[in-house]
Structures are given as structure tokens and as C-alpha cells.
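Asks: I am sharing data.txt, which consists of compact mmCIF, C-alpha atoms:
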```
# COMPACT_ATOMS: atom_id res chain seq x y z
CA MET I 149 62.74 -139.97 76.12
CA SER I 150 66.50 -139.82 76.81
CA ASN I 151 67.92 -138.22 79.96
CA GLY I 152 69.01 -135.20 77.93
CA GLN I 153 65.56 -134.66 76.43
CA HIS I 154 64.02 -135.09 79.87
CA ASP I 155 66.34 -132.44 81.35
CA ILE I 156 65.51 -130.04 78.50
CA GLU I 157 61.80 -130.63 79.01
CA VAL I 158 62.04 -130.03 82.77
CA PHE I 159 63.97 -126.78 82.22
CA ALA I 160 61.57 -125.60 79.48
CA ARG I 161 58.49 -126.23 81.65
CA GLY I 162 60.08 -124.50 84.62
CA LEU I 163 61.05 -121.55 82.45
CA GLU I 164 57.56 -121.24 80.98
CA ALA I 165 56.09 -121.15 84.50
CA ALA I 166 58.70 -118.63 85.70
CA LEU I 167 57.90 -116.30 82.77
CA HIS I 168 54.26 -115.99 83.88
CA ALA I 169 54.43 -112.19 83.94
CA LEU I 170 55.17 -112.01 80.18
CA SER I 171 52.67 -112.36 77.33
CA ALA I 172 52.01 -115.84 75.91
CA GLU I 173 53.75 -114.85 72.67
CA GLU I 174 56.91 -113.66 74.45
CA ARG I 175 56.90 -116.73 76.70
CA GLU I 176 56.63 -119.09 73.76
CA ASP I 177 59.43 -117.34 71.88
CA ILE I 178 61.85 -117.38 74.84
CA VAL I 179 61.11 -121.00 75.74
CA ARG I 180 61.41 -122.11 72.11
CA GLU I 181 64.81 -120.47 71.80
CA ALA I 182 66.04 -121.92 75.11
CA ARG I 183 64.82 -125.37 74.00
CA ALA I 184 66.60 -124.96 70.63
CA HIS I 185 69.84 -123.88 72.32
CA LEU I 186 69.74 -126.78 74.79
CA ALA I 187 68.95 -129.27 72.02
CA ALA I 188 71.93 -128.00 69.99
CA SER I 189 74.10 -128.18 73.12
CA ALA I 190 72.93 -131.76 73.73
CA GLU I 191 73.89 -132.70 70.16
CA ALA I 192 77.34 -131.21 70.81
CA GLY I 193 77.60 -133.24 74.04
CA ARG I 194 77.57 -130.22 76.35
CA LEU I 195 74.04 -130.09 77.69
CA LYS I 196 75.14 -130.06 81.34
CA ALA I 197 77.41 -127.06 80.73
CA ALA I 198 74.61 -125.21 78.94
CA LEU I 199 72.12 -125.93 81.73
CA ALA I 200 74.68 -124.80 84.31
CA ALA I 201 75.22 -121.55 82.37
CA PHE I 202 71.46 -120.90 82.22
CA GLY I 203 71.06 -121.54 85.97
CA THR I 204 67.65 -122.40 87.37
CA PRO I 205 64.59 -121.54 85.23
CA GLN I 206 63.66 -118.91 87.84
CA THR I 207 67.01 -117.11 87.80
CA TYR I 208 67.16 -117.31 84.00
CA ALA I 209 63.64 -115.89 83.71
CA LEU I 210 64.57 -112.91 85.89
CA GLN I 211 66.96 -111.72 83.17
CA PHE I 212 64.02 -111.23 80.81
CA GLY I 213 62.57 -108.45 82.97
CA VAL I 214 60.10 -110.74 84.71
CA GLU I 215 60.71 -109.12 88.09
CA GLU I 216 59.94 -105.60 86.81
CA ARG I 217 56.78 -106.81 85.11
CA THR I 218 55.74 -108.77 88.21
CA GLN I 219 56.27 -105.71 90.40
CA ALA I 220 54.31 -103.50 88.00
CA ALA I 221 51.51 -106.06 87.84
CA GLY I 222 51.64 -106.35 91.64
CA LEU I 223 51.25 -102.59 92.04
CA ARG I 224 48.32 -102.53 89.61
CA GLY I 225 46.86 -105.51 91.46
CA ALA I 226 47.22 -103.78 94.84
CA TRP I 227 45.37 -100.69 93.58
CA SER I 228 42.68 -102.85 92.00
CA LEU I 229 42.35 -104.84 95.26
CA ALA I 230 42.00 -101.64 97.31
CA GLY I 231 39.45 -100.23 94.83
CA ASN I 232 37.36 -103.40 94.82
CA MET I 233 37.41 -103.65 98.63
CA ALA I 234 36.41 -100.00 99.06
CA GLY I 235 33.70 -100.37 96.38
CA SER I 236 32.36 -103.50 98.04
CA ALA I 237 32.21 -101.80 101.45
CA VAL I 238 30.41 -98.71 100.08
CA LEU I 239 27.88 -100.84 98.17
CA ALA I 240 27.27 -103.00 101.28
CA LEU I 241 26.64 -99.86 103.40
CA LEU I 242 24.18 -98.54 100.82
CA ALA I 243 22.41 -101.93 100.79
CA VAL I 244 22.10 -101.81 104.60
CA ALA I 245 20.75 -98.25 104.37
CA PHE I 246 18.05 -99.33 101.89
CA VAL I 247 17.08 -102.32 104.07
CA THR I 248 16.80 -99.94 107.05
CA VAL I 249 14.54 -97.61 105.04
CA ALA I 250 12.34 -100.55 104.01
CA ILE I 251 12.04 -101.84 107.58
CA ILE I 252 11.27 -98.39 109.01
CA ASP I 253 8.68 -97.86 106.27
CA ILE I 254 6.95 -101.08 107.31
CA LEU I 255 7.13 -100.49 111.07
CA VAL I 256 6.42 -96.74 111.09
CA PRO I 257 3.43 -95.87 108.86
CA ALA I 258 4.19 -92.13 109.09
CA PHE I 259 7.57 -92.69 107.46
CA GLY I 260 7.75 -92.33 103.69
CA ILE I 261 7.91 -89.89 100.80
CA TRP I 262 5.40 -87.16 101.29
CA VAL I 263 4.05 -84.35 99.17
CA ASN I 264 2.40 -81.20 100.40
CA PRO I 265 -0.55 -80.58 97.98
CA ALA I 266 -0.65 -76.89 98.87
CA THR I 267 2.96 -76.10 98.00
CA GLY I 268 3.92 -79.11 95.88
CA ALA I 269 6.98 -79.67 98.13
CA ILE I 270 8.21 -83.24 98.35
CA TYR I 271 10.08 -84.50 101.38
CA PHE I 272 11.41 -87.79 102.70
CA GLY I 273 10.98 -88.97 106.30
CA HIS I 274 8.34 -88.71 109.00
CA ALA I 275 5.04 -87.09 108.08
CA GLY I 276 5.11 -85.22 111.39
CA MET I 277 2.37 -82.85 112.11
CA THR I 278 1.59 -81.97 108.50
CA THR I 279 -1.83 -83.55 108.29
CA ARG I 280 -2.40 -82.33 104.76
CA ALA I 281 0.60 -84.28 103.45
CA GLN I 282 -0.11 -87.14 101.12
CA GLU I 283 2.12 -90.16 100.86
CA LEU I 284 3.66 -90.49 97.43
CA ALA I 285 4.99 -94.04 97.21
CA GLY I 286 3.04 -95.90 99.90
CA ALA I 287 4.02 -99.55 100.25
CA TRP I 288 6.04 -99.27 97.08
CA LEU I 289 8.78 -97.53 99.08
CA SER I 290 9.53 -100.69 101.07
CA LEU I 291 9.42 -102.85 97.95
CA ALA I 292 11.66 -100.49 95.98
CA SER I 293 14.06 -100.23 98.94
CA PHE I 294 14.28 -104.02 99.28
CA ALA I 295 14.89 -104.32 95.51
CA ALA I 296 17.61 -101.64 95.60
CA ALA I 297 19.19 -103.29 98.67
CA GLY I 298 19.20 -106.67 96.87
CA GLY I 299 20.82 -105.18 93.75
CA LEU I 300 23.46 -103.35 95.78
CA ALA I 301 24.19 -106.46 97.84
CA LEU I 302 24.77 -108.43 94.64
CA LEU I 303 27.10 -105.72 93.29
CA SER I 304 28.93 -105.64 96.65
CA LEU I 305 29.34 -109.42 96.53
CA ALA I 306 30.71 -109.27 92.95
CA SER I 307 33.16 -106.54 93.99
CA ALA I 308 34.26 -108.55 97.04
CA ARG I 309 34.82 -111.64 94.87
CA ALA I 310 36.91 -109.56 92.44
CA ALA I 311 38.96 -108.31 95.43
CA ALA I 312 39.47 -111.90 96.64
CA ARG I 313 40.61 -112.98 93.15
CA GLU I 314 43.04 -110.05 93.03
CA ALA I 315 44.36 -110.91 96.52
CA ARG I 316 44.96 -114.54 95.48
CA ARG I 317 46.78 -113.38 92.32
CA TYR I 318 48.85 -110.91 94.37
CA LEU I 319 49.85 -113.57 96.90
CA LYS I 320 50.68 -116.05 94.13
CA GLY I 321 52.86 -113.43 92.37
CA SER I 322 54.65 -112.63 95.65
CA SER I 323 55.42 -116.28 96.32
CA VAL I 324 56.84 -116.80 92.79
CA SER I 325 58.92 -113.64 93.18
CA ASN I 326 60.21 -114.80 96.57
CA LEU I 327 61.02 -118.23 95.17
CA ALA I 328 63.02 -116.65 92.35
CA GLY I 329 64.76 -114.37 94.85
CA GLU I 330 65.73 -117.32 97.05
CA THR I 331 67.32 -119.16 94.14
CA LEU I 332 69.56 -116.20 93.25
CA MET X 882 96.31 -99.58 109.61
CA THR X 883 95.57 -102.71 111.66
CA ALA X 884 95.28 -106.15 110.07
CA ARG X 885 91.48 -106.03 110.55
CA GLN X 886 91.19 -102.60 108.92
CA GLY X 887 93.38 -103.89 106.12
CA VAL X 888 90.98 -106.78 105.43
CA PHE X 889 87.97 -104.41 105.34
CA TRP X 890 89.84 -102.03 103.06
CA ASN X 891 90.70 -104.87 100.67
CA VAL X 892 87.08 -106.12 100.64
CA ARG X 893 85.77 -102.61 99.92
CA GLN X 894 88.29 -102.11 97.13
CA ALA X 895 87.34 -105.47 95.59
CA MET X 896 83.63 -104.50 95.71
CA ASN X 897 84.34 -101.15 94.08
CA LEU X 898 86.39 -102.86 91.39
CA ASP X 899 83.62 -105.41 90.74
CA SER X 900 81.08 -102.62 90.42
CA TRP X 901 83.36 -100.74 88.00
CA LYS X 902 83.90 -103.89 85.91
CA SER X 903 80.16 -104.54 85.87
CA GLN X 904 79.47 -101.00 84.57
CA MET X 905 82.13 -101.40 81.86
CA ARG X 906 80.73 -104.77 80.79
CA LYS X 907 77.15 -103.51 80.47
CA GLY X 908 77.99 -101.18 77.63
CA ALA X 909 80.62 -103.48 76.13
CA ALA X 910 78.25 -106.48 75.94
CA GLU X 911 75.76 -104.54 73.83
CA PHE X 912 78.55 -103.26 71.58
CA ALA X 913 79.96 -106.81 71.22
CA VAL X 914 76.58 -108.31 70.21
CA LEU X 915 75.88 -105.59 67.65
CA SER X 916 79.45 -105.85 66.31
CA VAL X 917 79.34 -109.59 65.58
CA LEU X 918 76.17 -109.01 63.57
CA ARG X 919 77.75 -106.35 61.35
CA ASP X 920 78.75 -108.98 58.78
CA GLY X 921 75.30 -110.50 58.50
CA GLU X 922 72.72 -112.54 60.34
CA LEU X 923 73.61 -115.23 62.86
CA TYR X 924 71.47 -117.66 64.87
CA GLY X 925 71.57 -118.02 68.64
CA VAL X 926 74.15 -120.80 69.01
CA GLU X 927 76.51 -119.13 66.48
CA LEU X 928 76.22 -115.84 68.35
CA VAL X 929 76.86 -117.52 71.68
CA THR X 930 79.93 -119.31 70.28
CA ARG X 931 81.30 -116.05 68.88
CA LEU X 932 80.61 -114.07 72.05
CA THR X 933 81.31 -116.36 74.96
CA GLY X 934 85.01 -116.87 74.16
CA ALA X 935 85.89 -113.49 75.65
CA ASP X 936 85.20 -113.96 79.36
CA SER X 937 86.23 -110.39 80.22
CA VAL X 938 83.27 -108.99 78.29
CA GLY X 939 81.07 -110.89 80.72
CA LEU X 940 78.88 -112.66 78.20
CA SER X 941 77.83 -116.25 78.73
CA GLU X 942 75.19 -118.61 77.40
CA GLY X 943 72.98 -117.45 80.24
CA THR X 944 73.26 -113.74 79.47
CA VAL X 945 73.37 -113.59 75.65
CA TYR X 946 69.73 -114.49 74.97
CA PRO X 947 68.23 -111.97 77.44
CA LEU X 948 70.48 -109.29 75.91
CA LEU X 949 69.39 -110.27 72.38
CA ARG X 950 65.77 -109.99 73.46
CA ARG X 951 66.34 -106.53 74.95
CA LEU X 952 68.09 -105.33 71.79
CA GLN X 953 65.22 -106.73 69.75
CA SER X 954 62.70 -104.87 71.95
CA ASP X 955 64.76 -101.69 71.58
CA GLY X 956 64.49 -102.02 67.80
CA ARG X 957 68.21 -102.55 67.21
CA LEU X 958 67.84 -106.17 66.17
CA GLN X 959 65.29 -108.08 64.16
CA ALA X 960 64.79 -111.82 64.27
CA ARG X 961 63.25 -114.61 62.22
CA TRP X 962 62.72 -118.31 62.91
CA GLU X 963 63.94 -120.98 60.50
CA VAL X 964 62.58 -124.48 60.95
CA ASN X 965 64.50 -127.53 59.69
CA ASP X 966 63.17 -131.08 59.75
CA ASN X 967 66.38 -132.68 60.96
CA ALA X 968 67.69 -130.04 63.37
CA PRO X 969 66.39 -127.83 66.18
CA PRO X 970 64.71 -124.61 64.92
CA ARG X 971 66.99 -121.59 64.65
CA LYS X 972 66.25 -117.98 65.45
CA TYR X 973 68.34 -115.76 63.21
CA TYR X 974 69.22 -112.23 64.33
CA SER X 975 70.26 -109.29 62.17
CA LEU X 976 70.78 -105.57 62.64
CA THR X 977 67.97 -103.16 61.92
CA GLN X 978 68.75 -99.79 60.36
CA SER X 979 68.77 -98.31 63.86
CA GLY X 980 71.09 -101.09 65.07
CA GLN X 981 73.43 -100.47 62.13
CA LYS X 982 73.63 -96.76 62.95
CA ALA X 983 74.12 -97.52 66.65
CA VAL X 984 77.00 -99.94 66.08
CA GLU X 985 78.71 -97.57 63.65
CA GLY X 986 78.49 -94.79 66.23
CA MET X 987 79.74 -97.09 68.98
CA ALA X 988 82.67 -98.30 66.86
CA ALA X 989 83.74 -94.74 66.01
CA PHE X 990 83.53 -93.70 69.65
CA TRP X 991 85.32 -96.87 70.79
CA ASN X 992 88.30 -96.21 68.48
CA GLU X 993 88.65 -92.67 69.79
CA PHE X 994 88.08 -93.72 73.41
CA GLU X 995 90.58 -96.58 73.27
CA THR X 996 93.28 -94.42 71.66
CA GLN X 997 92.89 -91.58 74.15
CA LEU X 998 92.61 -93.83 77.18
CA ASN X 999 95.69 -95.81 76.12
CA LEU X 1000 97.62 -92.57 75.86
CA ILE X 1001 96.69 -91.79 79.46
CA VAL X 1002 97.03 -95.28 80.92
CA ARG X 1003 100.31 -96.17 79.20
CA ALA X 1004 101.96 -92.79 79.68
```
Reformat the file's structure so that it appears as C-alpha cells.
Replies:
Amino acid sequence: MSNGQHDIEVFARGLEAALHALSAEEREDIVREARAHLAASAEAGRLKAALAAFGTPQTYALQFGVEERTQAAGLRGAWSLAGNMAGSAVLALLAVAFVTVAIIDILVPAFGIWVNPATGAIYFGHAGMTTRAQELAGAWLSLASFAAAGGLALLSLASARAAAREARRYLKGSSVSNLAGETL
Amino acid sequence: MTARQGVFWNVRQAMNLDSWKSQMRKGAAEFAVLSVLRDGELYGVELVTRLTGADSVGLSEGTVYPLLRRLQSDGRLQARWEVNDNAPPRKYYSLTQSGQKAVEGMAAFWNEFETQLNLIVRA
């Protein structure tokens, strides 16, 4: 590979990376055209002038609306991150609540779902002084609570992982944007 | 006006002038690109050669392609790739119907604008 071809390749790869916010189709089209222009300039013996006119791949990419798209994607990402974090926290709290119910049900026999046979009323909590009350779920309450807590914990974990992925993407986007800004 | 105030005044005037030139060039660059395509399709390097001679319009190799892409997205230009075995591939640009109408409107306005402004400026 000649020096000229090497320089074109380096610019094209840098440009492709800098255009990350665009679709693959747009990226390919822009890079292909830049490569074609630089190759034609090299044939005419003016590759250095063409590369100087393009500037760095990052500054050149900014002219294709990359910054606007990155900012829009960043905003969407920030909302998604906040949503996933809030979702994860709510699911984790619900999981803790179900574990608490299960533990109380095991430790306090009078705690459970009760039905009053006389009135048909169903209530949740301590049986209290209602001696006629019959327990509805029995030991199944603790098992069901543990199962619900497990399911919610898994959902909370998935939501937290999605938030972490979004945070990494957001930070990566910010660093690319800052890099492009520094080269201006 | 002190010498220091004079320097600040000159800097501010230069900044205002640069901003004014930049605004003028924005509209002119689009008009220039659409105008060179009135006679038929051209590929990137041909367009750049035709457009970058006039420095005052503010078009360079680094600004022509992003502008072409924007005009293509706006529906004023259409493009097609032509692949040759012995040469780099070429992306040919041509005016769409909307681009044709736009450049005709711009040319008519430009003629009127130039005439009237010249009457004022050269009076």
C-alpha cells in the first residue's frame, strides 16, 4: 500500500468512526464518496491539499449533522437511563416488600390472608381477635411471596443492566463529542 | 476614542462583518450548487472543481459534500453511483423537479435583487 492509499485509508476509517451517530447506509455512502474524492485527488497529485481541506475526520463528520444526531440520541439515552433506573428501584422495592411479607408469614402464624366465613369478607394482615377467621392461603402465601420477590428481583436486575448499558453509551457519546469539539 | 477603544471597535466591526459574510454565503452556496447542476448531472470532483474556484462564495472541498448531502436529504438533488473498473467510483448528482423549481426561483430573485441592490450601492 502506497503512502497515499494509507493516508486515504486512515482518513476513511476515522471518518466512519466519527459518523457513528448516522445509519450504516448513510455512513457507507459518505465514506465511499470521501474515499472516491481522495483517490481522484491522489491521482491528480493533490491528496495533501484535499486532506487539508477536509480537516480531521471528526471535524469533517460534524458537517454531516453528526453533532445534532448525537445530542438527540444523548437526550433519548438520558431519558431511557432515568426510566430504567427508576424502574429498577421500584421493582427492587416491591421485591423487598414481598420478601418481608414471606418472612413475616413464616415468623408470625397469625399473619396471612384471612376470610370471615360469616360475612365472606377477605382481609390481609394479622388475624387479630377474629377467632372465626379462616386462613385462605396458608403456607402458600410465603411461597408465592418468595416467587414474586424472585421474579421482581430479576426484572429489577434486567432494568439496572439496561440502565448501565445506556450510561456507558451516553458516556461514550459524550467523549466522542468532546473529542470532535476539541479538534475544531 | 482611545487607542484601546479603537482596537476593540475594530475587532467588533470585523466580527460583525464576518457574521454578515457568513449569512450571505449560506444562501449563496446552495444557489451556486443548484446552479451548476442546471445543465445536467455532475459527479463530486467535477462539482468541487466548478465550485471551489470562487473563494468568496465560501465553498471548499470540505464543505461541498456536506452541502450536497443536505440538498439530497431536502429532496432538491438526486444521486446515483457509477462504478468503473479502472477509476474510483463516481457519485453523480442531478436536480430533482423540486430542485429545478427552487433554482429557477432563486435565479429570478437573484437577478432582481442584484439589479436593485446595485442601484442602491452604486448610487
Asks: Grab the atom CA of Ala297 of chain I to atom CA of Phe246 of chain I distance for me, in Å with one decimal place.
Replies: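 About the pair atom CA of Ala297 of chain I and atom CA of Phe246 of chain I: they are 5.2 Å apart.
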Asks: With only C-alpha atoms as the atoms that count, which of I:Tyr271, I:Glu314, I:Trp262, I:Ala250 lies nearest to Ala287 of chain I?
Replies: I:Ala250
Asks: Kindly give the distance, in Å, that separates atom CA of Glu985 of chain X and atom CA of Ala1004 of chain X, rounded to a single decimal.
Replies: 28.6 Å
Asks: Would you list the contacts of Leu918 of chain X as a list in words, taking every protein, DNA or RNA residue within 12 Å and counting only C-alpha atoms, but skipping same-chain residues closer than 4 positions in sequence?
Replies: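 Neighbouring residues, sequence-local ones excluded: Glu911, Phe912, Ala913, Val914, Glu922, Leu923, Tyr924, Gly925, Glu927, Leu928, Val929, Arg931, Leu932, Leu949, Arg957, Leu958, Gln959, Ala960, Tyr973, Tyr974, Ser975, Leu976, Thr977, Gly980, Gln981, Val984 and Glu985 of chain X.
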Asks: Would you mind listing, as a list in words, all residues of chain I that have at least one atom within 8 Å of chain X, where all atoms listed in the file are what counts?
Replies: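 So the contacting residues turn out to be Glu181, Ala184, His185, Ala187, Ala188, Ala198, Ala201, Phe202, Gly203, Tyr208, Gln211 and Phe212 of chain I.
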Asks: Hey, can you spit out that residue selection with C-alpha atoms as a short mmCIF file (atom, residue, chain, number, x, y, z; two decimals), in the frame of the given file?
Replies:
```cif
data_model
loop_
_atom_site.label_atom_id
_atom_site.label_comp_id
_atom_site.auth_asym_id
_atom_site.auth_seq_id
_atom_site.Cartn_x
_atom_site.Cartn_y
_atom_site.Cartn_z
CA GLU I 181 64.81 -120.47 71.80
CA ALA I 184 66.60 -124.96 70.63
CA HIS I 185 69.84 -123.88 72.32
CA ALA I 187 68.95 -129.27 72.02
CA ALA I 188 71.93 -128.00 69.99
CA ALA I 198 74.61 -125.21 78.94
CA ALA I 201 75.22 -121.55 82.37
CA PHE I 202 71.46 -120.90 82.22
CA GLY I 203 71.06 -121.54 85.97
CA TYR I 208 67.16 -117.31 84.00
CA GLN I 211 66.96 -111.72 83.17
CA PHE I 212 64.02 -111.23 80.81
#
```
Asks: So, with only C-alpha atoms as the atoms that count, which of X:Gln997, X:Thr930, X:Val888, X:Gly939 lies closest to Met905 of chain X?
Replies: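 Closest candidate: X:Gly939.
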Asks: How many Å separate atom CA of Ala315 of chain I from atom CA of Ala172 of chain I?
Replies: 22.5 Å
Asks: May I have the residues within 6 Å of Ser307 of chain I as a VMD selection string, using only C-alpha atoms and disregarding those fewer than 3 positions away in the same chain?
Replies: chain I and resid 232 236 304 310
Asks: Would you mind putting all heavy atoms back on segment 969-980 of chain X and writing the result as a PDB file, in the frame of the given file?
Replies:
```pdb
ATOM      1  N   PRO X 969      67.230-128.743  65.376  1.00  0.00           N
ATOM      2  CA  PRO X 969      66.390-127.830  66.180  1.00  0.00           C
ATOM      3  C   PRO X 969      66.130-126.535  65.403  1.00  0.00           C
ATOM      4  O   PRO X 969      66.975-126.120  64.597  1.00  0.00           O
ATOM      5  CB  PRO X 969      67.262-127.542  67.419  1.00  0.00           C
ATOM      6  CG  PRO X 969      68.280-128.625  67.466  1.00  0.00           C
ATOM      7  CD  PRO X 969      68.506-129.046  66.053  1.00  0.00           C
ATOM      8  N   PRO X 970      64.985-125.880  65.630  1.00  0.00           N
ATOM      9  CA  PRO X 970      64.710-124.610  64.920  1.00  0.00           C
ATOM     10  C   PRO X 970      65.755-123.557  65.310  1.00  0.00           C
ATOM     11  O   PRO X 970      66.323-123.612  66.399  1.00  0.00           O
ATOM     12  CB  PRO X 970      63.324-124.213  65.413  1.00  0.00           C
ATOM     13  CG  PRO X 970      63.134-124.945  66.695  1.00  0.00           C
ATOM     14  CD  PRO X 970      63.922-126.198  66.585  1.00  0.00           C
ATOM     15  N   ARG X 971      65.985-122.619  64.388  1.00  0.00           N
ATOM     16  CA  ARG X 971      66.990-121.590  64.650  1.00  0.00           C
ATOM     17  C   ARG X 971      66.363-120.196  64.562  1.00  0.00           C
ATOM     18  O   ARG X 971      65.621-119.923  63.625  1.00  0.00           O
ATOM     19  CB  ARG X 971      68.124-121.685  63.613  1.00  0.00           C
ATOM     20  CG  ARG X 971      68.962-122.930  63.766  1.00  0.00           C
ATOM     21  CD  ARG X 971      69.918-123.078  62.620  1.00  0.00           C
ATOM     22  NE  ARG X 971      70.826-124.197  62.829  1.00  0.00           N
ATOM     23  CZ  ARG X 971      71.770-124.561  61.989  1.00  0.00           C
ATOM     24  NH1 ARG X 971      71.944-123.886  60.847  1.00  0.00           N
ATOM     25  NH2 ARG X 971      72.550-125.582  62.244  1.00  0.00           N
ATOM     26  N   LYS X 972      66.738-119.366  65.494  1.00  0.00           N
ATOM     27  CA  LYS X 972      66.250-117.980  65.450  1.00  0.00           C
ATOM     28  C   LYS X 972      67.423-117.112  64.992  1.00  0.00           C
ATOM     29  O   LYS X 972      68.428-116.994  65.695  1.00  0.00           O
ATOM     30  CB  LYS X 972      65.775-117.552  66.843  1.00  0.00           C
ATOM     31  CG  LYS X 972      65.060-116.215  66.846  1.00  0.00           C
ATOM     32  CD  LYS X 972      64.547-115.864  68.233  1.00  0.00           C
ATOM     33  CE  LYS X 972      63.855-114.513  68.241  1.00  0.00           C
ATOM     34  NZ  LYS X 972      63.434-114.113  69.580  1.00  0.00           N
ATOM     35  N   TYR X 973      67.271-116.580  63.796  1.00  0.00           N
ATOM     36  CA  TYR X 973      68.340-115.760  63.210  1.00  0.00           C
ATOM     37  C   TYR X 973      68.140-114.281  63.584  1.00  0.00           C
ATOM     38  O   TYR X 973      67.033-113.758  63.485  1.00  0.00           O
ATOM     39  CB  TYR X 973      68.338-115.900  61.693  1.00  0.00           C
ATOM     40  CG  TYR X 973      69.014-117.165  61.220  1.00  0.00           C
ATOM     41  CD1 TYR X 973      68.301-118.349  61.066  1.00  0.00           C
ATOM     42  CD2 TYR X 973      70.379-117.170  60.935  1.00  0.00           C
ATOM     43  CE1 TYR X 973      68.929-119.515  60.639  1.00  0.00           C
ATOM     44  CE2 TYR X 973      71.010-118.333  60.509  1.00  0.00           C
ATOM     45  CZ  TYR X 973      70.278-119.499  60.364  1.00  0.00           C
ATOM     46  OH  TYR X 973      70.907-120.645  59.949  1.00  0.00           O
ATOM     47  N   TYR X 974      69.243-113.660  63.964  1.00  0.00           N
ATOM     48  CA  TYR X 974      69.220-112.230  64.330  1.00  0.00           C
ATOM     49  C   TYR X 974      70.004-111.418  63.306  1.00  0.00           C
ATOM     50  O   TYR X 974      71.038-111.874  62.797  1.00  0.00           O
ATOM     51  CB  TYR X 974      69.878-112.013  65.699  1.00  0.00           C
ATOM     52  CG  TYR X 974      69.100-112.592  66.837  1.00  0.00           C
ATOM     53  CD1 TYR X 974      69.340-113.903  67.263  1.00  0.00           C
ATOM     54  CD2 TYR X 974      68.130-111.844  67.498  1.00  0.00           C
ATOM     55  CE1 TYR X 974      68.629-114.442  68.320  1.00  0.00           C
ATOM     56  CE2 TYR X 974      67.413-112.385  68.563  1.00  0.00           C
ATOM     57  CZ  TYR X 974      67.672-113.682  68.964  1.00  0.00           C
ATOM     58  OH  TYR X 974      66.966-114.207  70.006  1.00  0.00           O
ATOM     59  N   SER X 975      69.512-110.222  63.032  1.00  0.00           N
ATOM     60  CA  SER X 975      70.260-109.290  62.170  1.00  0.00           C
ATOM     61  C   SER X 975      70.023-107.867  62.663  1.00  0.00           C
ATOM     62  O   SER X 975      69.078-107.614  63.416  1.00  0.00           O
ATOM     63  CB  SER X 975      69.822-109.445  60.716  1.00  0.00           C
ATOM     64  OG  SER X 975      68.443-109.196  60.605  1.00  0.00           O
ATOM     65  N   LEU X 976      70.903-106.969  62.219  1.00  0.00           N
ATOM     66  CA  LEU X 976      70.780-105.570  62.640  1.00  0.00           C
ATOM     67  C   LEU X 976      69.647-104.883  61.901  1.00  0.00           C
ATOM     68  O   LEU X 976      69.458-105.125  60.704  1.00  0.00           O
ATOM     69  CB  LEU X 976      72.082-104.817  62.344  1.00  0.00           C
ATOM     70  CG  LEU X 976      73.337-105.220  63.110  1.00  0.00           C
ATOM     71  CD1 LEU X 976      74.545-104.454  62.571  1.00  0.00           C
ATOM     72  CD2 LEU X 976      73.179-104.949  64.588  1.00  0.00           C
ATOM     73  N   THR X 977      68.936-104.032  62.591  1.00  0.00           N
ATOM     74  CA  THR X 977      67.970-103.160  61.920  1.00  0.00           C
ATOM     75  C   THR X 977      68.753-101.916  61.464  1.00  0.00           C
ATOM     76  O   THR X 977      69.950-101.786  61.783  1.00  0.00           O
ATOM     77  CB  THR X 977      66.850-102.721  62.881  1.00  0.00           C
ATOM     78  OG1 THR X 977      67.476-102.037  63.963  1.00  0.00           O
ATOM     79  CG2 THR X 977      66.060-103.895  63.406  1.00  0.00           C
ATOM     80  N   GLN X 978      68.085-101.027  60.780  1.00  0.00           N
ATOM     81  CA  GLN X 978      68.750 -99.790  60.360  1.00  0.00           C
ATOM     82  C   GLN X 978      69.250 -99.011  61.587  1.00  0.00           C
ATOM     83  O   GLN X 978      70.367 -98.488  61.596  1.00  0.00           O
ATOM     84  CB  GLN X 978      67.774 -98.935  59.571  1.00  0.00           C
ATOM     85  CG  GLN X 978      68.447 -98.159  58.465  1.00  0.00           C
ATOM     86  CD  GLN X 978      67.430 -97.580  57.503  1.00  0.00           C
ATOM     87  OE1 GLN X 978      66.256 -97.452  57.823  1.00  0.00           O
ATOM     88  NE2 GLN X 978      67.888 -97.217  56.318  1.00  0.00           N
ATOM     89  N   SER X 979      68.407 -99.004  62.630  1.00  0.00           N
ATOM     90  CA  SER X 979      68.770 -98.310  63.860  1.00  0.00           C
ATOM     91  C   SER X 979      69.957 -98.993  64.536  1.00  0.00           C
ATOM     92  O   SER X 979      70.847 -98.322  65.063  1.00  0.00           O
ATOM     93  CB  SER X 979      67.540 -98.284  64.780  1.00  0.00           C
ATOM     94  OG  SER X 979      67.900 -98.266  66.114  1.00  0.00           O
ATOM     95  N   GLY X 980      69.970-100.329  64.492  1.00  0.00           N
ATOM     96  CA  GLY X 980      71.090-101.090  65.070  1.00  0.00           C
ATOM     97  C   GLY X 980      72.375-100.830  64.320  1.00  0.00           C
ATOM     98  O   GLY X 980      73.459-100.713  64.913  1.00  0.00           O
TER      99      GLY X 980
END
```
